[in-house]
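Source file: final-v8.tsv. Holds: TSV, C-alpha atoms.
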```tsv
chain	number	residue	atom	x	y	z
A	1	MET	CA	29.89	-4.60	-18.04
A	2	ASP	CA	28.03	-5.56	-21.24
A	3	PHE	CA	26.70	-2.90	-23.61
A	4	LEU	CA	23.31	-3.54	-25.26
A	5	ARG	CA	22.48	-1.34	-28.25
A	6	PRO	CA	18.96	-1.96	-29.65
A	7	ALA	CA	18.03	-0.38	-32.98
A	8	SER	CA	14.30	-0.09	-32.26
A	9	TRP	CA	11.87	0.31	-29.38
A	10	ASP	CA	10.71	-3.29	-29.68
A	11	GLU	CA	14.32	-4.46	-29.48
A	12	ALA	CA	14.84	-2.30	-26.41
A	13	LEU	CA	11.81	-3.82	-24.67
A	14	ALA	CA	12.99	-7.31	-25.56
A	15	ALA	CA	16.44	-6.57	-24.17
A	16	LYS	CA	14.98	-5.16	-20.95
A	17	ALA	CA	12.76	-8.24	-20.58
A	18	GLU	CA	15.75	-10.54	-21.03
A	19	HIS	CA	18.00	-8.45	-18.74
A	20	PRO	CA	15.75	-6.77	-16.12
A	21	THR	CA	18.75	-5.34	-14.26
A	22	ALA	CA	20.01	-3.52	-17.36
A	23	VAL	CA	20.38	0.22	-16.73
A	24	PRO	CA	18.98	2.39	-19.55
A	25	ILE	CA	21.26	5.14	-20.82
A	26	ALA	CA	20.31	7.90	-23.26
A	27	GLY	CA	21.77	11.32	-22.39
A	28	GLY	CA	23.91	9.63	-19.75
A	29	THR	CA	24.21	12.81	-17.69
A	30	ASP	CA	23.23	10.96	-14.49
A	31	VAL	CA	24.29	7.38	-15.22
A	32	MET	CA	27.82	8.18	-16.38
A	33	VAL	CA	28.50	10.29	-13.30
A	34	GLU	CA	27.55	7.37	-11.06
A	35	ILE	CA	29.68	4.97	-13.09
A	36	ASN	CA	32.68	7.32	-13.22
A	37	PHE	CA	32.60	7.74	-9.44
A	38	ASP	CA	32.11	3.98	-9.01
A	39	HIS	CA	28.77	4.51	-7.27
A	40	ARG	CA	27.18	2.06	-9.67
A	41	ARG	CA	28.56	-0.83	-11.65
A	42	PRO	CA	25.67	-2.41	-13.59
A	43	GLU	CA	26.05	-5.73	-15.33
A	44	TYR	CA	24.36	-4.35	-18.45
A	45	LEU	CA	23.96	-0.89	-19.97
A	46	LEU	CA	21.00	-0.50	-22.32
A	47	ASP	CA	21.81	2.23	-24.86
A	48	LEU	CA	18.63	3.94	-26.15
A	49	ASN	CA	20.29	6.53	-28.36
A	50	ARG	CA	19.34	4.90	-31.68
A	51	ILE	CA	15.60	4.99	-30.93
A	52	GLY	CA	14.34	8.09	-32.76
A	53	ASP	CA	10.83	8.00	-31.25
A	54	LEU	CA	12.27	8.97	-27.87
A	55	TYR	CA	13.50	12.29	-29.31
A	56	GLU	CA	10.14	13.37	-30.74
A	57	TRP	CA	7.22	15.30	-29.26
A	58	GLU	CA	3.61	15.82	-30.27
A	59	VAL	CA	1.42	18.78	-29.31
A	60	GLY	CA	-2.22	17.76	-28.97
A	61	GLU	CA	-5.32	19.73	-28.10
A	62	GLU	CA	-4.91	19.33	-24.35
A	63	THR	CA	-1.55	17.66	-23.75
A	64	VAL	CA	2.00	17.41	-25.03
A	65	ARG	CA	3.44	13.94	-25.50
A	66	LEU	CA	7.12	14.47	-24.82
A	67	GLY	CA	9.54	11.72	-25.80
A	68	ALA	CA	11.68	10.55	-22.89
A	69	SER	CA	14.93	11.69	-24.53
A	70	VAL	CA	13.87	15.09	-25.91
A	71	PRO	CA	16.77	17.31	-24.75
A	72	TYR	CA	16.12	20.18	-22.38
A	73	THR	CA	17.40	22.56	-25.05
A	74	ARG	CA	14.56	21.51	-27.38
A	75	ILE	CA	12.00	22.07	-24.63
A	76	MET	CA	13.35	25.57	-24.10
A	77	GLU	CA	13.36	26.34	-27.82
A	78	HIS	CA	10.10	24.76	-28.99
A	79	LEU	CA	7.73	24.21	-26.05
A	80	ARG	CA	7.98	27.39	-24.03
A	81	ALA	CA	4.35	28.36	-24.73
A	82	GLU	CA	2.85	24.92	-24.07
A	83	LEU	CA	5.07	23.95	-21.11
A	84	PRO	CA	6.34	27.20	-19.57
A	85	GLY	CA	7.13	25.73	-16.15
A	86	LEU	CA	9.17	22.89	-17.61
A	87	ALA	CA	10.93	25.30	-19.98
A	88	LEU	CA	11.94	27.47	-17.01
A	89	ALA	CA	13.17	24.40	-15.15
A	90	SER	CA	15.14	23.33	-18.23
A	91	HIS	CA	17.00	26.66	-18.15
A	92	THR	CA	18.41	25.78	-14.73
A	93	VAL	CA	19.79	22.36	-15.72
A	94	ALA	CA	23.57	22.28	-15.43
A	95	SER	CA	25.37	23.60	-18.55
A	96	PRO	CA	24.49	23.99	-22.27
A	97	GLN	CA	26.32	20.74	-23.03
A	98	ILE	CA	24.24	18.80	-20.52
A	99	ARG	CA	21.02	20.52	-21.61
A	100	ASN	CA	21.81	19.35	-25.14
A	101	ARG	CA	22.07	15.73	-23.95
A	102	GLY	CA	19.81	15.28	-20.93
A	103	GLY	CA	16.07	14.76	-21.01
A	104	VAL	CA	13.08	14.39	-18.71
A	105	GLY	CA	13.08	10.60	-19.01
A	106	GLY	CA	16.49	10.45	-17.39
A	107	ASN	CA	15.34	12.66	-14.51
A	108	LEU	CA	12.37	10.37	-13.96
A	109	GLY	CA	14.42	7.20	-14.23
A	110	THR	CA	16.96	8.42	-11.69
A	111	ALA	CA	14.15	9.76	-9.47
A	112	SER	CA	16.52	11.92	-7.43
A	113	PRO	CA	14.58	14.32	-5.20
A	114	ALA	CA	16.89	17.05	-6.58
A	115	GLY	CA	15.98	16.42	-10.23
A	116	ASP	CA	15.20	19.77	-11.84
A	117	ALA	CA	12.21	18.62	-13.91
A	118	HIS	CA	10.20	17.08	-11.07
A	119	PRO	CA	8.60	20.21	-9.51
A	120	ALA	CA	7.45	21.43	-12.93
A	121	LEU	CA	5.99	18.01	-13.83
A	122	LEU	CA	4.12	17.83	-10.52
A	123	ALA	CA	2.75	21.36	-10.87
A	124	ALA	CA	1.66	20.84	-14.49
A	125	GLY	CA	0.00	17.49	-13.81
A	126	ALA	CA	1.92	14.93	-15.88
A	127	GLU	CA	1.61	11.23	-16.59
A	128	VAL	CA	4.56	8.95	-17.32
A	129	GLU	CA	4.12	6.55	-20.24
A	130	VAL	CA	5.94	3.29	-19.55
A	131	GLU	CA	5.97	0.02	-21.45
A	132	SER	CA	7.07	-3.58	-21.15
A	133	ALA	CA	7.18	-6.34	-23.74
A	134	ALA	CA	4.92	-8.56	-21.63
A	135	ARG	CA	2.25	-6.14	-20.33
A	136	GLY	CA	2.21	-3.35	-22.87
A	137	THR	CA	1.75	0.35	-22.08
A	138	ARG	CA	0.49	2.06	-18.94
A	139	LEU	CA	0.28	5.67	-17.77
A	140	ILE	CA	1.47	6.46	-14.25
A	141	PRO	CA	0.37	9.78	-12.69
A	142	VAL	CA	3.53	11.67	-11.75
A	143	ASP	CA	2.25	12.00	-8.17
A	144	ALA	CA	2.45	8.21	-7.85
A	145	PHE	CA	5.70	7.76	-9.77
A	146	TYR	CA	8.15	8.58	-6.97
A	147	THR	CA	8.20	5.79	-4.38
A	148	GLY	CA	11.33	6.60	-2.34
A	149	VAL	CA	14.79	8.10	-2.47
A	150	LYS	CA	15.91	7.46	-6.05
A	151	ARG	CA	13.15	4.87	-6.45
A	152	ASN	CA	10.23	4.92	-8.84
A	153	ALA	CA	7.16	2.91	-9.80
A	154	LEU	CA	8.76	1.16	-12.80
A	155	GLN	CA	8.64	-2.63	-12.93
A	156	PRO	CA	11.98	-4.35	-13.69
A	157	ASP	CA	11.06	-4.99	-17.34
A	158	GLU	CA	9.59	-1.53	-18.04
A	159	LEU	CA	11.10	1.45	-19.83
A	160	ILE	CA	9.98	5.08	-19.90
A	161	ARG	CA	8.82	6.00	-23.39
A	162	ALA	CA	7.27	9.46	-22.98
A	163	VAL	CA	5.70	11.94	-20.61
A	164	HIS	CA	2.19	13.33	-21.16
A	165	ILE	CA	1.97	16.88	-19.80
A	166	LYS	CA	-1.11	19.08	-19.76
A	167	LYS	CA	-0.68	22.20	-21.86
A	168	ALA	CA	-0.58	25.34	-19.78
A	169	ASP	CA	-3.94	27.09	-19.52
A	170	GLY	CA	-2.53	29.66	-17.14
A	171	PRO	CA	0.77	31.11	-15.89
A	172	GLN	CA	3.47	28.80	-14.50
A	173	GLN	CA	6.66	29.53	-12.61
A	174	TYR	CA	9.75	27.71	-11.40
A	175	SER	CA	12.35	28.74	-8.87
A	176	LYS	CA	15.53	27.05	-7.70
A	177	VAL	CA	18.06	27.75	-4.96
A	178	GLY	CA	21.64	26.64	-5.55
A	179	THR	CA	25.06	27.43	-4.19
A	180	ARG	CA	25.87	29.14	-7.50
A	181	ASN	CA	24.07	30.07	-10.73
A	182	ALA	CA	25.14	27.16	-12.96
A	183	MET	CA	26.33	23.55	-12.82
A	184	VAL	CA	24.69	23.07	-9.45
A	185	ILE	CA	22.44	20.53	-7.77
A	186	ALA	CA	19.39	22.23	-6.25
A	187	VAL	CA	19.45	23.03	-2.57
A	188	CYS	CA	15.70	23.15	-3.07
A	189	ALA	CA	13.31	24.00	-5.91
A	190	PHE	CA	9.67	24.98	-6.31
A	191	GLY	CA	7.20	24.86	-9.17
A	192	LEU	CA	3.78	26.50	-9.34
A	193	ALA	CA	1.06	26.32	-12.00
A	194	LEU	CA	-2.27	28.11	-12.16
A	195	HIS	CA	-5.04	26.16	-13.87
A	196	PRO	CA	-7.86	28.69	-14.51
A	197	GLY	CA	-9.88	26.09	-16.45
A	198	THR	CA	-10.42	24.07	-13.28
A	199	ARG	CA	-9.79	27.01	-10.91
A	200	THR	CA	-7.04	25.12	-9.16
A	201	VAL	CA	-3.41	25.61	-8.26
A	202	ARG	CA	-0.76	22.87	-8.28
A	203	THR	CA	2.69	22.89	-6.74
A	204	GLY	CA	5.87	20.86	-6.90
A	205	ILE	CA	8.76	20.80	-4.42
A	206	GLY	CA	12.21	19.41	-5.13
A	207	SER	CA	15.20	18.56	-2.92
A	208	ALA	CA	13.28	19.17	0.32
A	209	ALA	CA	11.91	15.69	1.06
A	210	PRO	CA	12.90	12.08	0.31
A	211	THR	CA	10.96	12.37	-2.95
A	212	PRO	CA	9.63	15.25	-5.05
A	213	VAL	CA	6.30	16.24	-3.46
A	214	ARG	CA	3.33	18.51	-3.83
A	215	ALA	CA	2.23	20.88	-1.06
A	216	GLU	CA	-1.33	19.59	-1.08
A	217	ALA	CA	-2.50	21.36	2.06
A	218	ALA	CA	-1.20	24.64	0.62
A	219	GLU	CA	-2.99	23.97	-2.67
A	220	GLU	CA	-6.28	23.25	-0.88
A	221	PHE	CA	-5.96	26.40	1.21
A	222	LEU	CA	-5.19	28.60	-1.80
A	223	ASN	CA	-7.88	27.01	-3.96
A	224	ALA	CA	-10.47	27.79	-1.26
A	225	ALA	CA	-9.17	31.33	-0.69
A	226	LEU	CA	-9.23	32.16	-4.41
A	227	GLU	CA	-12.74	30.75	-4.82
A	228	GLU	CA	-14.21	32.37	-1.72
A	229	GLY	CA	-12.74	35.76	-2.62
A	230	GLY	CA	-13.86	35.53	-6.24
A	231	PHE	CA	-10.27	36.19	-7.33
A	232	TRP	CA	-10.48	34.09	-10.49
A	233	ASP	CA	-13.26	36.39	-11.71
A	234	ASN	CA	-12.29	39.78	-10.32
A	235	GLY	CA	-8.53	39.48	-10.87
A	236	LYS	CA	-7.74	41.38	-7.67
A	237	ILE	CA	-4.40	41.24	-5.86
A	238	ILE	CA	-4.10	38.31	-3.47
A	239	PRO	CA	-3.91	39.65	0.11
A	240	PRO	CA	-0.51	39.35	1.82
A	241	SER	CA	-2.09	37.26	4.59
A	242	VAL	CA	-3.18	34.64	2.05
A	243	ALA	CA	0.24	34.58	0.38
A	244	LYS	CA	1.92	34.26	3.80
A	245	GLN	CA	-0.28	31.34	4.84
A	246	PHE	CA	0.28	29.63	1.49
A	247	ALA	CA	4.05	30.00	1.93
A	248	GLN	CA	3.93	28.59	5.47
A	249	LEU	CA	1.93	25.57	4.32
A	250	CYS	CA	4.40	24.95	1.51
A	251	SER	CA	7.23	25.02	4.05
A	252	GLY	CA	5.26	22.57	6.17
A	253	ALA	CA	5.04	20.12	3.27
A	254	CYS	CA	8.82	19.71	3.34
A	255	ASN	CA	10.67	16.92	5.10
A	256	PRO	CA	14.28	17.88	4.37
A	257	ILE	CA	17.66	16.80	5.67
A	258	ASP	CA	20.89	18.54	6.58
A	259	ASP	CA	23.63	17.92	4.02
A	260	VAL	CA	26.62	19.63	2.42
A	261	ARG	CA	24.34	21.83	0.30
A	262	GLY	CA	22.13	23.20	3.05
A	263	THR	CA	20.41	22.63	6.36
A	264	ALA	CA	16.89	21.35	6.81
A	265	SER	CA	15.75	24.63	8.38
A	266	TYR	CA	17.19	26.64	5.51
A	267	ARG	CA	15.42	24.44	2.97
A	268	ARG	CA	12.07	24.92	4.72
A	269	HIS	CA	12.60	28.67	4.84
A	270	ALA	CA	13.71	28.86	1.20
A	271	VAL	CA	10.72	26.85	-0.04
A	272	GLY	CA	8.41	29.27	1.76
A	273	VAL	CA	10.15	32.26	0.16
A	274	MET	CA	9.98	30.68	-3.30
A	275	ALA	CA	6.31	29.78	-2.80
A	276	ARG	CA	5.39	33.36	-1.94
A	277	ARG	CA	7.42	34.82	-4.79
A	278	THR	CA	6.20	32.42	-7.46
A	279	LEU	CA	2.61	32.96	-6.33
A	280	THR	CA	3.12	36.71	-6.71
A	281	TRP	CA	4.68	36.31	-10.17
A	282	THR	CA	2.07	33.89	-11.52
A	283	TRP	CA	-0.86	35.85	-10.13
A	284	GLU	CA	0.43	39.12	-11.55
A	285	SER	CA	0.68	37.41	-14.93
A	286	TYR	CA	-2.86	36.05	-14.54
A	287	ARG	CA	-4.16	39.51	-13.57
A	288	GLY	CA	-2.49	40.99	-16.64
A	289	ASN	CA	-4.15	38.43	-18.88
A	290	HIS	CA	-7.47	38.96	-17.06
A	291	ARG	CA	-7.37	42.72	-17.67
A	292	THR	CA	-6.47	42.18	-21.32
A	293	THR	CA	-9.39	39.80	-21.76
A	294	GLU	CA	-11.79	42.21	-20.06
A	295	GLY	CA	-10.55	45.06	-22.25
A	296	ALA	CA	-11.08	43.02	-25.40
A	297	ALA	CA	-14.61	42.19	-24.29
```
Produce structure tokens that represent the structure in this file.
Amino acid sequence: MDFLRPASWDEALAAKAEHPTAVPIAGGTDVMVEINFDHRRPEYLLDLNRIGDLYEWEVGEETVRLGASVPYTRIMEHLRAELPGLALASHTVASPQIRNRGGVGGNLGTASPAGDAHPALLAAGAEVEVESAARGTRLIPVDAFYTGVKRNALQPDELIRAVHIKKADGPQQYSKVGTRNAMVIAVCAFGLALHPGTRTVRTGIGSAAPTPVRAEAAEEFLNAALEEGGFWDNGKIIPPSVAKQFAQLCSGACNPIDDVRGTASYRRHAVGVMARRTLTWTWESYRGNHRTTEGAA
């Protein structure tokens, strides 16, 4: 196994173009596990740790450009207001040591359906910035990024440079079921984001289908129910019947398997429970903000 260690982004792109099978490594929290267990033995490892741009973020008017290697710890410490769903997801990642090393780019590159960041990225509405030496930069909507079990939309000569995530304009939540409270791969996970600016709701489901997915039918149902009932304007409590139907549709969006961490039926049930609970939490937060705004007016 050869070890490539570029000193700049351009050098990294050149190395990836010359060695398309090279496996990028930054935090190494996924790659090194696979190598240590002999699940993967790449011909080349492409070390990205010397590329400072990957560890930086920029907060714009509408979006956050998050470098691919920004550690989860930094997201928790510095971007909780702008990216609350992703910050909550970051809290559930493994241990403090791994949160200090791992980043969203690694989750995306591995594309495991159990990756903790995926539901939050789907719910927030993210785009993945990728680049190659030959074709330059392109943005891939996160919905289109996952193409199969541990497969993504990257071309062989492309690297992930950053993720563009819409700043929260409403409450966001994240929930995860595991066999214990730390150092655990998700049995299933669920992300929910309210977007009052567009009067829409987005979801993200992890570890309950071959890829991370959105519950689009559930989103469409809830969007219509909130609009027809005038809930965005009146800030009333969402009826239990609406929350129940939303939860059932979220369960229906799953296509899980039985494995050592849980059965398919349990995963469907748990996603429904998480969907109902996160909807309750986010809507209560929205109602609180709505009352505060009305009081100020």
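Nearest to Glu216 (chain A) of all the residues A:Leu122, A:Arg161, A:Lys166, A:Thr278 is A:Leu122, counting all atoms listed in the file.
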Exercise. What's the 6 Å shell around region 53-70 of chain A, counting only C-alpha atoms, without same-chain residues fewer than 3 positions away, as a ChimeraX atom specification?
Worked result: /A:103-105,161-167
Export of the given selection (C-alpha atoms) as an mmCIF file, keeping the file's coordinate frame:
```
data_model
loop_
_atom_site.group_PDB
_atom_site.id
_atom_site.type_symbol
_atom_site.label_atom_id
_atom_site.label_comp_id
_atom_site.auth_asym_id
_atom_site.auth_seq_id
_atom_site.Cartn_x
_atom_site.Cartn_y
_atom_site.Cartn_z
ATOM 1 C CA GLY A 103 16.070 14.760 -21.010
ATOM 2 C CA VAL A 104 13.080 14.390 -18.710
ATOM 3 C CA GLY A 105 13.080 10.600 -19.010
ATOM 4 C CA ARG A 161 8.820 6.000 -23.390
ATOM 5 C CA ALA A 162 7.270 9.460 -22.980
ATOM 6 C CA VAL A 163 5.700 11.940 -20.610
ATOM 7 C CA HIS A 164 2.190 13.330 -21.160
ATOM 8 C CA ILE A 165 1.970 16.880 -19.800
ATOM 9 C CA LYS A 166 -1.110 19.080 -19.760
ATOM 10 C CA LYS A 167 -0.680 22.200 -21.860
#
```
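Every protein, DNA or RNA residue with an atom at most 12 Å from Trp232 (chain A), where only C-alpha atoms count and chain neighbours fewer than 4 positions away do not, is listed here: Gly170, Leu194, His195, Pro196, Gly197, Thr198, Arg199, Thr200, Val201, Leu222, Asn223, Ala224, Ala225, Leu226, Glu227, Glu228, Lys236, Ile237, Ile238, Trp283, Tyr286, Arg287, Asn289, His290 and Arg291 of chain A.
Between CA of Trp9 (chain A) and CA of Val93 (chain A) the interatomic distance comes to 27.1 Å.
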For this session: Would you mind telling me which residue in A:Ile25, A:Ala193, A:Ala123, A:Ala89 lies nearest to Ser285 (chain A) when using only C-alpha atoms?
Result: A:Ala193
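Between CA of Ser241 (chain A) and CA of Ala218 (chain A) the interatomic distance comes to 13.3 Å.
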Mind working out the centre and edge lengths of an axis-aligned box for region 254-272 of chain A, all listed atoms inside, 4 Å added to each side, rounded to one decimal in Å and written as JSON?
```
{"center_x": 17.5, "center_y": 23.0, "center_z": 4.2, "size_x": 26.2, "size_y": 20.5, "size_z": 16.4}
```
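Proximity to Gly191 (chain A) was assessed for A:Arg214, A:Arg41, A:Arg5, A:Arg268 counting only C-alpha atoms; the smallest distance is recorded for A:Arg214.
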For this session: Find the residues near Val130 (chain A): any atom within 6 Å, counting all atoms listed in the file, skip ones fewer than 5 places away on the same chain, and give them as a list in words.
Result: Thr137, Arg138, Leu159, Ile160 and Arg161 of chain A
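The environment of Pro256 (chain A) within 10 Å, counting all atoms listed in the file and disregarding residues fewer than 3 places along the same chain, consists of Cys188, Gly206, Ser207, Ala208, Ala209, Pro210, Thr211, Ala253, Asp259, Gly262, Thr263, Ala264, Ser265, Tyr266, Arg267 and Arg268 of chain A.
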